[in-house]
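**Student:** Contents of input.pdb (PDB, C-alpha atoms) are below:
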```pdb
ATOM      1  CA  MET A   1     -32.426   0.682   5.567
ATOM      2  CA  ARG A   2     -28.853   1.751   6.300
ATOM      3  CA  SER A   3     -26.795  -0.831   8.193
ATOM      4  CA  ASP A   4     -25.007   0.153  11.403
ATOM      5  CA  GLN A   5     -22.016  -1.896  10.252
ATOM      6  CA  PRO A   6     -19.515  -0.366   7.801
ATOM      7  CA  PRO A   7     -19.206  -2.120   4.377
ATOM      8  CA  LYS A   8     -17.539  -5.431   5.159
ATOM      9  CA  ALA A   9     -15.497  -5.757   1.953
ATOM     10  CA  ALA A  10     -14.053  -2.241   2.267
ATOM     11  CA  ALA A  11     -13.210  -2.813   5.945
ATOM     12  CA  TRP A  12     -11.581  -6.155   5.072
ATOM     13  CA  LEU A  13      -9.474  -4.573   2.329
ATOM     14  CA  LEU A  14      -8.306  -1.797   4.630
ATOM     15  CA  ARG A  15      -7.573  -4.228   7.481
ATOM     16  CA  HIS A  16      -5.411  -6.447   5.260
ATOM     17  CA  PHE A  17      -3.826  -3.948   2.845
ATOM     18  CA  GLY A  18      -3.624  -0.693   4.783
ATOM     19  CA  CYS A  19       0.114   0.037   5.159
ATOM     20  CA  SER A  20      -0.025   2.822   7.743
ATOM     21  CA  PRO A  21       1.611   2.131  11.120
ATOM     22  CA  ASN A  22      -1.624   3.641  12.498
ATOM     23  CA  ASN A  23      -3.912   1.421  10.426
ATOM     24  CA  ASP A  24      -5.960   0.386  13.450
ATOM     25  CA  ALA A  25      -6.664   4.017  14.350
ATOM     26  CA  VAL A  26      -7.557   4.806  10.704
ATOM     27  CA  ILE A  27     -10.137   1.968  10.665
ATOM     28  CA  GLY A  28     -11.511   3.149  14.021
ATOM     29  CA  ASP A  29     -11.858   6.726  12.729
ATOM     30  CA  LEU A  30     -13.628   5.578   9.558
ATOM     31  CA  ASP A  31     -16.008   3.379  11.603
ATOM     32  CA  GLU A  32     -16.761   6.290  13.936
ATOM     33  CA  ARG A  33     -17.551   8.688  11.093
ATOM     34  CA  TYR A  34     -19.625   6.051   9.297
ATOM     35  CA  ARG A  35     -21.724   5.582  12.438
ATOM     36  CA  GLN A  36     -22.137   9.365  12.630
ATOM     37  CA  GLY A  37     -24.073   9.157   9.335
ATOM     38  CA  ARG A  38     -21.606   8.951   6.447
ATOM     39  CA  SER A  39     -22.605   6.833   3.436
ATOM     40  CA  ALA A  40     -21.247   3.436   2.358
ATOM     41  CA  LEU A  41     -19.869   5.075  -0.781
ATOM     42  CA  TRP A  42     -17.973   7.581   1.402
ATOM     43  CA  TYR A  43     -16.554   4.677   3.445
ATOM     44  CA  TRP A  44     -15.411   2.833   0.291
ATOM     45  CA  ARG A  45     -13.744   5.953  -1.096
ATOM     46  CA  GLN A  46     -11.993   6.699   2.196
ATOM     47  CA  ALA A  47     -10.826   3.072   2.617
ATOM     48  CA  LEU A  48      -9.359   2.867  -0.903
ATOM     49  CA  LEU A  49      -7.688   6.284  -0.548
ATOM     50  CA  ALA A  50      -6.251   5.227   2.832
ATOM     51  CA  ILE A  51      -4.732   2.083   1.248
ATOM     52  CA  VAL A  52      -3.214   3.962  -1.708
ATOM     53  CA  MET A  53      -1.933   6.877   0.378
ATOM     54  CA  SER A  54      -0.430   4.722   3.117
ATOM     55  CA  PHE A  55       1.269   2.560   0.456
ATOM     56  CA  CYS A  56       2.749   5.573  -1.370
ATOM     57  CA  LYS A  57       3.815   7.226   1.885
ATOM     58  CA  GLU A  58       5.530   4.061   3.153
ATOM     59  CA  ILE A  59       7.421   3.497  -0.111
ATOM     60  CA  TRP A  60       8.413   7.157  -0.416
ATOM     61  CA  SER A  61       9.632   7.269   3.205
ATOM     62  CA  HIS A  62      11.635   4.035   2.894
ATOM     63  CA  LYS A  63      13.150   4.113  -0.594
ATOM     64  CA  PRO A  64      16.291   2.060   0.212
ATOM     65  CA  LEU A  65      14.105  -0.639   1.826
ATOM     66  CA  ALA A  66      11.849  -0.647  -1.245
ATOM     67  CA  ILE A  67      14.845  -1.224  -3.536
ATOM     68  CA  ARG A  68      16.065  -3.993  -1.218
ATOM     69  CA  ALA A  69      12.624  -5.653  -1.248
ATOM     70  CA  LEU A  70      12.598  -5.708  -5.050
ATOM     71  CA  LEU A  71      16.145  -7.086  -5.200
ATOM     72  CA  VAL A  72      15.297  -9.798  -2.650
ATOM     73  CA  GLY A  73      12.178 -10.754  -4.623
ATOM     74  CA  TRP A  74      14.032 -10.973  -7.934
ATOM     75  CA  MET A  75      16.875 -12.942  -6.349
ATOM     76  CA  VAL A  76      14.446 -15.557  -5.006
ATOM     77  CA  LYS A  77      12.784 -15.721  -8.405
ATOM     78  CA  LEU A  78      16.085 -16.154 -10.229
ATOM     79  CA  ILE A  79      17.033 -19.043  -7.915
ATOM     80  CA  CYS A  80      13.661 -20.716  -8.535
ATOM     81  CA  LEU A  81      13.960 -20.117 -12.285
ATOM     82  CA  SER A  82      17.404 -21.724 -12.365
ATOM     83  CA  VAL A  83      15.863 -24.799 -10.690
ATOM     84  CA  TYR A  84      13.038 -24.693 -13.217
ATOM     85  CA  TYR A  85      15.349 -24.451 -16.243
ATOM     86  CA  ARG A  86      17.767 -27.064 -14.915
ATOM     87  CA  TYR A  87      15.162 -29.748 -14.207
ATOM     88  CA  ALA A  88      11.969 -28.884 -16.082
ATOM     89  CA  VAL A  89      13.422 -27.811 -19.418
ATOM     90  CA  GLU A  90      15.993 -30.624 -19.571
ATOM     91  CA  TYR A  91      13.336 -33.100 -18.537
ATOM     92  CA  GLN A  92      11.053 -31.886 -21.314
ATOM     93  CA  ARG A  93      13.891 -32.066 -23.840
ATOM     94  CA  PHE A  94      14.767 -35.686 -23.161
ATOM     95  CA  HIS A  95      11.559 -37.213 -21.827
ATOM     96  CA  TYR A  96       8.770 -35.010 -23.048
ATOM     97  CA  ASP A  97       5.636 -35.582 -21.026
ATOM     98  CA  PRO A  98       3.199 -32.629 -21.211
ATOM     99  CA  ILE A  99       1.076 -33.739 -18.252
ATOM    100  CA  GLU A 100       3.993 -34.216 -15.863
ATOM    101  CA  ALA A 101       5.690 -31.037 -17.075
ATOM    102  CA  GLY A 102       2.354 -29.209 -16.840
ATOM    103  CA  ILE A 103       2.133 -30.112 -13.170
ATOM    104  CA  PHE A 104       5.823 -29.588 -12.398
ATOM    105  CA  VAL A 105       6.127 -26.048 -13.804
ATOM    106  CA  PRO A 106       3.141 -24.511 -11.950
ATOM    107  CA  PHE A 107       4.128 -26.422  -8.799
ATOM    108  CA  ILE A 108       7.576 -24.786  -8.857
ATOM    109  CA  GLY A 109       5.841 -21.508  -9.755
ATOM    110  CA  VAL A 110       3.494 -21.629  -6.762
ATOM    111  CA  ILE A 111       6.359 -22.532  -4.413
ATOM    112  CA  ALA A 112       8.478 -19.731  -5.902
ATOM    113  CA  LEU A 113       5.711 -17.137  -5.606
ATOM    114  CA  MET A 114       4.793 -18.117  -2.036
ATOM    115  CA  GLY A 115       8.468 -18.228  -1.095
ATOM    116  CA  THR A 116       9.068 -14.811  -2.622
ATOM    117  CA  GLY A 117       6.171 -13.298  -0.649
ATOM    118  CA  TRP A 118       7.318 -15.006   2.567
ATOM    119  CA  ILE A 119      10.940 -13.905   2.236
ATOM    120  CA  ILE A 120      10.083 -10.268   1.357
ATOM    121  CA  ALA A 121       7.663 -10.101   4.307
ATOM    122  CA  HIS A 122      10.147 -11.638   6.745
ATOM    123  CA  THR A 123      13.097  -9.525   5.657
ATOM    124  CA  HIS A 124      11.064  -6.295   5.968
ATOM    125  CA  ARG A 125       8.962  -7.061   9.039
ATOM    126  CA  SER A 126       7.844  -3.581  10.095
ATOM    127  CA  HIS A 127       6.993  -2.603   6.490
ATOM    128  CA  ALA A 128       5.978  -6.045   5.217
ATOM    129  CA  ARG A 129       2.670  -5.078   3.599
ATOM    130  CA  SER A 130       3.952  -2.087   1.650
ATOM    131  CA  MET A 131       7.041  -3.960   0.405
ATOM    132  CA  VAL A 132       5.049  -7.022  -0.708
ATOM    133  CA  LEU A 133       2.483  -4.783  -2.449
ATOM    134  CA  LEU A 134       5.308  -2.902  -4.177
ATOM    135  CA  TYR A 135       6.804  -6.176  -5.435
ATOM    136  CA  ILE A 136       3.400  -7.315  -6.753
ATOM    137  CA  THR A 137       2.781  -3.948  -8.444
ATOM    138  CA  VAL A 138       6.141  -4.077 -10.236
ATOM    139  CA  GLU A 139       5.602  -7.726 -11.263
ATOM    140  CA  LEU A 140       2.163  -6.901 -12.669
ATOM    141  CA  LEU A 141       3.538  -3.926 -14.599
ATOM    142  CA  VAL A 142       6.304  -6.054 -16.080
ATOM    143  CA  ALA A 143       3.888  -8.857 -16.943
ATOM    144  CA  ALA A 144       1.541  -6.329 -18.601
ATOM    145  CA  MET A 145       4.441  -4.865 -20.601
ATOM    146  CA  THR A 146       5.510  -8.348 -21.685
ATOM    147  CA  VAL A 147       1.999  -9.339 -22.765
ATOM    148  CA  HIS A 148       1.594  -6.016 -24.574
ATOM    149  CA  SER A 149       4.867  -6.476 -26.457
ATOM    150  CA  MET A 150       3.902 -10.066 -27.352
ATOM    151  CA  VAL A 151       0.560  -8.949 -28.739
ATOM    152  CA  ASN A 152       2.242  -6.205 -30.772
ATOM    153  CA  SER A 153       5.341  -7.984 -32.048
ATOM    154  CA  GLY A 154       4.562 -11.678 -31.616
ATOM    155  CA  ALA A 155       7.696 -12.261 -29.521
ATOM    156  CA  VAL A 156       8.771 -11.697 -25.921
ATOM    157  CA  VAL A 157      10.830  -8.533 -25.520
ATOM    158  CA  SER A 158      13.558  -8.748 -22.893
ATOM    159  CA  TYR A 159      13.271  -5.951 -20.355
ATOM    160  CA  PRO A 160      16.325  -4.794 -18.409
ATOM    161  CA  TRP A 161      17.695  -6.998 -15.650
ATOM    162  CA  GLY A 162      15.690 -10.006 -16.751
ATOM    163  CA  LEU A 163      12.450  -8.541 -15.440
ATOM    164  CA  SER A 164      10.432 -10.316 -18.124
ATOM    165  CA  PHE A 165      11.040 -13.543 -16.191
ATOM    166  CA  SER A 166       7.940 -12.658 -14.181
ATOM    167  CA  PHE A 167       5.988 -13.707 -17.234
ATOM    168  CA  THR A 168       7.238 -17.307 -16.925
ATOM    169  CA  TRP A 169       4.944 -18.243 -14.040
ATOM    170  CA  ILE A 170       1.921 -16.459 -15.491
ATOM    171  CA  SER A 171       2.525 -18.151 -18.836
ATOM    172  CA  ALA A 172       2.659 -21.621 -17.234
ATOM    173  CA  LEU A 173      -0.493 -21.018 -15.193
ATOM    174  CA  THR A 174      -2.282 -19.500 -18.185
ATOM    175  CA  GLN A 175      -1.544 -22.584 -20.290
ATOM    176  CA  ILE A 176      -3.038 -24.869 -17.643
ATOM    177  CA  ILE A 177      -6.135 -22.715 -17.118
ATOM    178  CA  GLY A 178      -6.474 -22.452 -20.909
ATOM    179  CA  GLY A 179      -6.271 -26.251 -21.076
ATOM    180  CA  ILE A 180      -9.078 -26.606 -18.505
ATOM    181  CA  PHE A 181     -11.228 -24.111 -20.435
ATOM    182  CA  PHE A 182     -10.410 -25.964 -23.669
ATOM    183  CA  TYR A 183     -11.562 -29.260 -22.081
ATOM    184  CA  PHE A 184     -14.981 -27.660 -21.436
ATOM    185  CA  GLY A 185     -15.079 -26.178 -24.936
ATOM    186  CA  ILE A 186     -14.499 -22.574 -23.850
ATOM    187  CA  PHE A 187     -12.012 -20.295 -25.626
ATOM    188  CA  ASN A 188     -11.187 -17.090 -23.817
ATOM    189  CA  THR A 189      -7.522 -16.126 -23.807
ATOM    190  CA  LEU A 190      -8.125 -12.924 -21.880
ATOM    191  CA  ALA A 191      -9.989 -14.775 -19.100
ATOM    192  CA  ASP A 192      -7.108 -17.308 -18.855
ATOM    193  CA  LEU A 193      -4.672 -14.449 -18.433
ATOM    194  CA  TRP A 194      -6.750 -12.627 -15.811
ATOM    195  CA  ILE A 195      -7.288 -15.793 -13.769
ATOM    196  CA  SER A 196      -3.607 -16.783 -13.838
ATOM    197  CA  THR A 197      -2.587 -13.220 -12.923
ATOM    198  CA  GLY A 198      -5.059 -13.353 -10.026
ATOM    199  CA  ILE A 199      -3.604 -16.675  -8.879
ATOM    200  CA  MET A 200      -0.105 -15.188  -9.021
ATOM    201  CA  VAL A 201      -1.088 -12.194  -6.877
ATOM    202  CA  VAL A 202      -3.046 -14.260  -4.336
ATOM    203  CA  THR A 203      -0.206 -16.806  -4.051
ATOM    204  CA  ILE A 204       2.359 -14.091  -3.246
ATOM    205  CA  LEU A 205      -0.045 -12.537  -0.707
ATOM    206  CA  ILE A 206      -0.679 -15.919   0.963
ATOM    207  CA  GLY A 207       3.066 -16.549   1.170
ATOM    208  CA  ALA A 208       3.546 -13.108   2.726
ATOM    209  CA  GLY A 209       0.836 -13.818   5.309
ATOM    210  CA  CYS A 210      -1.301 -10.868   4.192
ATOM    211  CA  PHE A 211      -4.557 -12.792   4.712
ATOM    212  CA  ARG A 212      -3.831 -13.701   8.307
ATOM    213  CA  ALA A 213      -6.460 -12.352  10.697
ATOM    214  CA  THR A 214      -4.210  -9.962  12.599
ATOM    215  CA  ASP A 215      -5.199  -6.355  12.991
ATOM    216  CA  ASP A 216      -1.889  -5.176  14.266
ATOM    217  CA  ALA A 217       0.491  -6.778  11.757
ATOM    218  CA  ASN A 218       1.590  -3.271  10.815
ATOM    219  CA  SER A 219       0.835  -1.687  14.137
ATOM    220  CA  HIS A 220       2.536   1.277  15.669
ATOM    221  CA  ALA A 221       4.225  -1.018  18.163
ATOM    222  CA  LEU A 222       6.171  -2.609  15.330
ATOM    223  CA  LYS A 223       7.450   0.784  14.196
ATOM    224  CA  SER A 224      10.648   0.469  16.146
ATOM    225  CA  ALA A 225      11.210  -3.197  15.336
ATOM    226  CA  SER A 226      14.340  -4.105  13.436
ATOM    227  CA  VAL A 227      14.156  -4.161   9.652
TER     228      VAL A 227
ATOM    229  CA  MET B   1      23.364  26.172   4.796
ATOM    230  CA  THR B   2      21.966  23.270   6.851
ATOM    231  CA  LYS B   3      18.847  21.505   5.643
ATOM    232  CA  ARG B   4      15.846  22.335   7.799
ATOM    233  CA  GLU B   5      12.714  20.189   8.025
ATOM    234  CA  GLN B   6       9.938  22.339   6.584
ATOM    235  CA  LEU B   7       6.170  22.203   6.582
ATOM    236  CA  GLY B   8       4.263  21.400   3.406
ATOM    237  CA  ASN B   9       0.971  23.116   2.625
ATOM    238  CA  PHE B  10      -1.268  20.306   3.920
ATOM    239  CA  GLU B  11       1.063  19.631   6.852
ATOM    240  CA  LEU B  12       0.717  23.269   7.922
ATOM    241  CA  MET B  13      -3.082  22.966   7.752
ATOM    242  CA  VAL B  14      -2.957  19.822   9.912
ATOM    243  CA  MET B  15      -0.660  21.553  12.427
ATOM    244  CA  LEU B  16      -3.056  24.510  12.683
ATOM    245  CA  ALA B  17      -5.992  22.138  13.194
ATOM    246  CA  LEU B  18      -4.042  20.340  15.944
ATOM    247  CA  ILE B  19      -3.271  23.619  17.727
ATOM    248  CA  ARG B  20      -6.912  24.679  17.424
ATOM    249  CA  ILE B  21      -8.324  21.392  18.794
ATOM    250  CA  GLY B  22      -5.875  21.016  21.677
ATOM    251  CA  ASP B  23      -6.008  17.906  23.854
ATOM    252  CA  ASN B  24      -8.750  16.000  22.023
ATOM    253  CA  ALA B  25      -6.920  15.816  18.674
ATOM    254  CA  TYR B  26      -7.360  12.454  16.971
ATOM    255  CA  GLY B  27      -8.290  11.518  13.378
ATOM    256  CA  VAL B  28     -12.025  12.355  13.474
ATOM    257  CA  PRO B  29     -11.922  15.876  15.014
ATOM    258  CA  ILE B  30      -8.847  16.763  12.942
ATOM    259  CA  SER B  31     -10.519  15.833   9.646
ATOM    260  CA  GLU B  32     -13.791  17.524  10.732
ATOM    261  CA  GLU B  33     -11.907  20.710  11.633
ATOM    262  CA  LEU B  34     -10.114  20.707   8.278
ATOM    263  CA  GLU B  35     -13.385  20.148   6.421
ATOM    264  CA  LYS B  36     -15.121  22.917   8.369
ATOM    265  CA  ARG B  37     -12.326  25.463   7.858
ATOM    266  CA  THR B  38     -11.402  24.679   4.250
ATOM    267  CA  GLY B  39     -14.851  23.702   2.953
ATOM    268  CA  ARG B  40     -13.351  20.646   1.230
ATOM    269  CA  ASP B  41     -13.780  16.929   1.785
ATOM    270  CA  VAL B  42     -10.683  15.512   3.494
ATOM    271  CA  ALA B  43      -9.430  11.930   3.203
ATOM    272  CA  ILE B  44      -8.577  10.461   6.605
ATOM    273  CA  GLY B  45      -5.757   8.540   4.903
ATOM    274  CA  SER B  46      -4.103  11.784   3.822
ATOM    275  CA  VAL B  47      -4.505  13.252   7.331
ATOM    276  CA  TYR B  48      -2.680  10.235   8.821
ATOM    277  CA  ALA B  49       0.016  10.337   6.121
ATOM    278  CA  ALA B  50       0.661  13.995   7.046
ATOM    279  CA  LEU B  51       0.572  13.245  10.787
ATOM    280  CA  GLU B  52       3.087  10.411  10.371
ATOM    281  CA  ARG B  53       5.433  12.672   8.395
ATOM    282  CA  LEU B  54       5.089  15.368  11.076
ATOM    283  CA  GLU B  55       5.855  12.799  13.772
ATOM    284  CA  ASP B  56       8.959  11.666  11.858
ATOM    285  CA  LYS B  57      10.094  15.309  11.683
ATOM    286  CA  GLY B  58       9.569  15.699  15.426
ATOM    287  CA  PHE B  59       6.807  18.337  15.125
ATOM    288  CA  VAL B  60       4.116  16.098  16.629
ATOM    289  CA  THR B  61       3.920  13.349  19.253
ATOM    290  CA  SER B  62       1.215  10.732  19.628
ATOM    291  CA  GLU B  63      -0.201   8.337  22.176
ATOM    292  CA  LEU B  64      -2.861   5.641  22.207
ATOM    293  CA  GLY B  65      -6.169   6.524  23.808
ATOM    294  CA  GLU B  66      -9.317   4.666  24.747
ATOM    295  CA  ALA B  67     -11.340   2.300  22.549
ATOM    296  CA  THR B  68     -15.064   2.980  22.126
ATOM    297  CA  PRO B  69     -17.933   0.823  20.753
ATOM    298  CA  GLU B  70     -18.681   3.214  17.853
ATOM    299  CA  ARG B  71     -15.088   2.686  16.714
ATOM    300  CA  GLY B  72     -15.546  -1.085  16.642
ATOM    301  CA  GLY B  73     -13.449  -1.391  19.815
ATOM    302  CA  ARG B  74     -10.412   0.251  18.218
ATOM    303  CA  ALA B  75      -8.250   2.681  20.152
ATOM    304  CA  LYS B  76      -7.930   6.336  19.242
ATOM    305  CA  ARG B  77      -4.514   7.827  18.586
ATOM    306  CA  TYR B  78      -4.154  11.296  20.061
ATOM    307  CA  PHE B  79      -1.729  13.777  18.534
ATOM    308  CA  ARG B  80      -0.094  16.801  20.130
ATOM    309  CA  VAL B  81       2.134  19.551  18.730
ATOM    310  CA  THR B  82       5.652  19.663  20.210
ATOM    311  CA  ALA B  83       7.541  22.832  21.142
ATOM    312  CA  ARG B  84       9.652  22.328  18.014
ATOM    313  CA  GLY B  85       6.496  21.988  15.920
ATOM    314  CA  LEU B  86       5.067  25.186  17.380
ATOM    315  CA  ARG B  87       8.314  27.019  16.599
ATOM    316  CA  GLU B  88       8.191  25.740  13.006
ATOM    317  CA  VAL B  89       4.592  26.953  12.571
ATOM    318  CA  ARG B  90       5.639  30.426  13.768
ATOM    319  CA  GLU B  91       8.611  30.438  11.366
ATOM    320  CA  THR B  92       6.341  29.432   8.464
ATOM    321  CA  GLN B  93       3.785  32.074   9.423
ATOM    322  CA  ARG B  94       6.478  34.760   9.490
ATOM    323  CA  ALA B  95       7.840  33.687   6.097
ATOM    324  CA  LEU B  96       4.353  33.628   4.554
ATOM    325  CA  VAL B  97       3.402  37.033   5.970
ATOM    326  CA  ASN B  98       6.668  38.476   4.603
ATOM    327  CA  LEU B  99       5.891  37.041   1.181
ATOM    328  CA  TRP B 100       2.290  38.259   1.335
ATOM    329  CA  HIS B 101       3.198  41.782   2.361
ATOM    330  CA  GLY B 102       3.024  44.472  -0.299
ATOM    331  CA  LEU B 103       1.367  42.501  -3.076
ATOM    332  CA  PRO B 104      -1.323  44.752  -4.605
ATOM    333  CA  GLU B 105      -2.787  41.806  -6.585
ATOM    334  CA  LEU B 106      -3.710  40.034  -3.334
ATOM    335  CA  GLU B 107      -5.129  42.989  -1.449
ATOM    336  CA  GLY B 108      -8.855  43.578  -1.127
ATOM    337  CA  GLY B 109      -9.719  39.831  -1.167
ATOM    338  CA  ARG B 110     -10.050  39.508  -4.962
ATOM    339  CA  ALA B 111      -8.296  36.893  -7.055
TER     340      ALA B 111
END
```
The structure given in the file should be rewritten as structure tokens.
**Tutor:**
Amino acid sequence: MRSDQPPKAAAWLLRHFGCSPNNDAVIGDLDERYRQGRSALWYWRQALLAIVMSFCKEIWSHKPLAIRALLVGWMVKLICLSVYYRYAVEYQRFHYDPIEAGIFVPFIGVIALMGTGWIIAHTHRSHARSMVLLYITVELLVAAMTVHSMVNSGAVVSYPWGLSFSFTWISALTQIIGGIFFYFGIFNTLADLWISTGIMVVTILIGAGCFRATDDANSHALKSASV
Amino acid sequence: MTKREQLGNFELMVMLALIRIGDNAYGVPISEELEKRTGRDVAIGSVYAALERLEDKGFVTSELGEATPERGGRAKRYFRVTARGLREVRETQRALVNLWHGLPELEGGRA
């Protein structure tokens, strides 16, 4: 029997990742049409299209802000990486302790990722979701390119402007998750990579406040707010 | 020559649907009207993206309406064509008719 309630997961995704200033009205319209007899598959398709289209429209309409968001994100990351190289690498060189270093590196990584999400969201308040999603998309692309080049050539290729640094946090997390898998006698490099990438994305989103239960975080009322 | 805000293909379709619907134009009737007239499935996300662009260009205004239970308690957003928007639709219509005129390949309704 068909439920009167729209698919919860699709509605949740749209509520938290829809970038339109009219996101609330979009969800209301989809709910109304679903209750008029549309299928769950139709709702899923519409929700995903609404997320992608609102994201593309927001980025296209605010190109200078998008560039600023990326620059802010990379600046925060470079600051965190300088802390990491100054303390973690030197510490490993002189007093090598894999367990302590293994905790220290991901700890800095999690702080850096959450901080990056928080700062991008708070410096682009009225377009926070789209800018944070753009930053994550670019980071994932760069990480994928880095992994691809490593698989092909056996060494990390440096992309312009030090973008391959994004791989640092994934690499550290992957090593730890790989270590946990190894402890239980499981060997799956691809699973390690997927899990650590997932952790990276979720950490940035938590830092940006994307999982907070607010329906109007991107509301029309915020349209005129300062950026 | 000064740059003039122009209507895209889908934007023009949305404007015509808005004019046709009148006062009750919000997401659901607009997408239903487009589906009925074009015979194609329309994504509500693309309708809102077009409406937001039209609002930025000053061709459309919007205001919040009432919330209903079938919408999960969420308010409707009503859209209305501005005088500037109406003028732009007329300009586009004139340009299209001029382009259409005198093309033997397009006469008689055959592709």
**Student:** List the residues selected by the PyMOL selection byres ((chain B) within 8 of (chain A)) in the file shown, writing them as a list in words.
**Tutor:** Gly27, Val28, Ala43, Ile44, Gly45, Ser46, Tyr48, Ala49, Glu70, Arg71, Gly72, Gly73, Arg74, Ala75, Lys76 and Arg77 of chain B
**Student:** Could you give me, as a list in words, the residues within 8 Å of stretch 54-65 of chain B, counting only C-alpha atoms and dropping anything in the same chain fewer than 4 positions from it?
**Tutor:**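 What passes the distance filter is Glu5, Glu11, Ala50, Ala75, Lys76, Arg77, Tyr78, Phe79, Arg80, Val81, Thr82, Ala83, Arg84, Gly85, Leu86 and Glu88 of chain B.
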**Student:** Write the residues you've just listed into a file as an mmCIF file, keeping the file's coordinate frame, and include C-alpha atoms for each of them.
**Tutor:**
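The new file again.cif reads:
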```
data_model
loop_
_atom_site.group_PDB
_atom_site.id
_atom_site.type_symbol
_atom_site.label_atom_id
_atom_site.label_comp_id
_atom_site.auth_asym_id
_atom_site.auth_seq_id
_atom_site.Cartn_x
_atom_site.Cartn_y
_atom_site.Cartn_z
ATOM 1 C CA GLU B 5 12.714 20.189 8.025
ATOM 2 C CA GLU B 11 1.063 19.631 6.852
ATOM 3 C CA ALA B 50 0.661 13.995 7.046
ATOM 4 C CA ALA B 75 -8.250 2.681 20.152
ATOM 5 C CA LYS B 76 -7.930 6.336 19.242
ATOM 6 C CA ARG B 77 -4.514 7.827 18.586
ATOM 7 C CA TYR B 78 -4.154 11.296 20.061
ATOM 8 C CA PHE B 79 -1.729 13.777 18.534
ATOM 9 C CA ARG B 80 -0.094 16.801 20.130
ATOM 10 C CA VAL B 81 2.134 19.551 18.730
ATOM 11 C CA THR B 82 5.652 19.663 20.210
ATOM 12 C CA ALA B 83 7.541 22.832 21.142
ATOM 13 C CA ARG B 84 9.652 22.328 18.014
ATOM 14 C CA GLY B 85 6.496 21.988 15.920
ATOM 15 C CA LEU B 86 5.067 25.186 17.380
ATOM 16 C CA GLU B 88 8.191 25.740 13.006
#
```
**Student:** Run the PyMOL selection byres ((chain A and resi 71) around 12) against the file shown and list the residues it catches, as a VMD selection string.
**Tutor:** chain A and resid 64 to 70 72 to 78 116 119 to 120 123 131 to 132 134 to 135 138 161 to 163
**Student:** May I ask which of the residues A:Ile59, A:Val202, A:Ala144, A:Leu193 is the closest one to A:Gly178, counting all atoms listed in the file?
**Tutor:**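 Nearest to A:Gly178: A:Leu193.
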**Student:** May I ask for the distance between atom CA of A:Val83 and atom CA of A:Gly109, given in Å to one decimal place?
**Tutor:** 10.6 Å
**Student:** Please list as a PyMOL selection string every residue within 8 Å of A:Met114, counting all atoms listed in the file and excluding residues in the same chain fewer than 2 positions away.
**Tutor:** chain A and resi 110-112+116-118+203-208
**Student:** Store the residues picked out above, limited to C-alpha atoms, as a PDB file, keeping the file's coordinate frame.
**Tutor:**
```pdb
ATOM      1  CA  VAL A 110       3.494 -21.629  -6.762  1.00  0.00           C
ATOM      2  CA  ILE A 111       6.359 -22.532  -4.413  1.00  0.00           C
ATOM      3  CA  ALA A 112       8.478 -19.731  -5.902  1.00  0.00           C
ATOM      4  CA  THR A 116       9.068 -14.811  -2.622  1.00  0.00           C
ATOM      5  CA  GLY A 117       6.171 -13.298  -0.649  1.00  0.00           C
ATOM      6  CA  TRP A 118       7.318 -15.006   2.567  1.00  0.00           C
ATOM      7  CA  THR A 203      -0.206 -16.806  -4.051  1.00  0.00           C
ATOM      8  CA  ILE A 204       2.359 -14.091  -3.246  1.00  0.00           C
ATOM      9  CA  LEU A 205      -0.045 -12.537  -0.707  1.00  0.00           C
ATOM     10  CA  ILE A 206      -0.679 -15.919   0.963  1.00  0.00           C
ATOM     11  CA  GLY A 207       3.066 -16.549   1.170  1.00  0.00           C
ATOM     12  CA  ALA A 208       3.546 -13.108   2.726  1.00  0.00           C
TER      13      ALA A 208
END
```
**Student:** One decimal, Å: what's the distance from atom CA of A:Tyr87 over to atom CA of A:Ser196, could you say?
**Tutor:**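 For atom CA of A:Tyr87 relative to atom CA of A:Ser196, the distance reads 22.8 Å.
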**Student:** Have a look at atom CA of B:Gly22 and atom CA of B:Pro69 and let me know their distance in Å, one decimal.
**Tutor:**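 Going from atom CA of B:Gly22 over to atom CA of B:Pro69 covers 23.5 Å.
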**Student:** So which one's closest to A:Cys19, A:Ser39, A:Asn152, A:Ser130, A:Thr146? Using only C-alpha atoms, please.
**Tutor:**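 Using only C-alpha atoms, A:Cys19 sits closest to A:Ser130.
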**Student:** Specify as number ranges by chain each residue included when the PyMOL selection byres ((chain B and resi 13) around 12) is applied to this file.
**Tutor:** B: 7-12, 14-20, 30-31, 33-35, 37-38, 42, 46-47, 50-51, 54, 89, 92-93
**Student:** Looking at all atoms listed in the file, which of A:Pro106, A:Gly209, A:Gly115, A:Gly198 is the one that sits closest to A:Ile176?
**Tutor:** A:Pro106
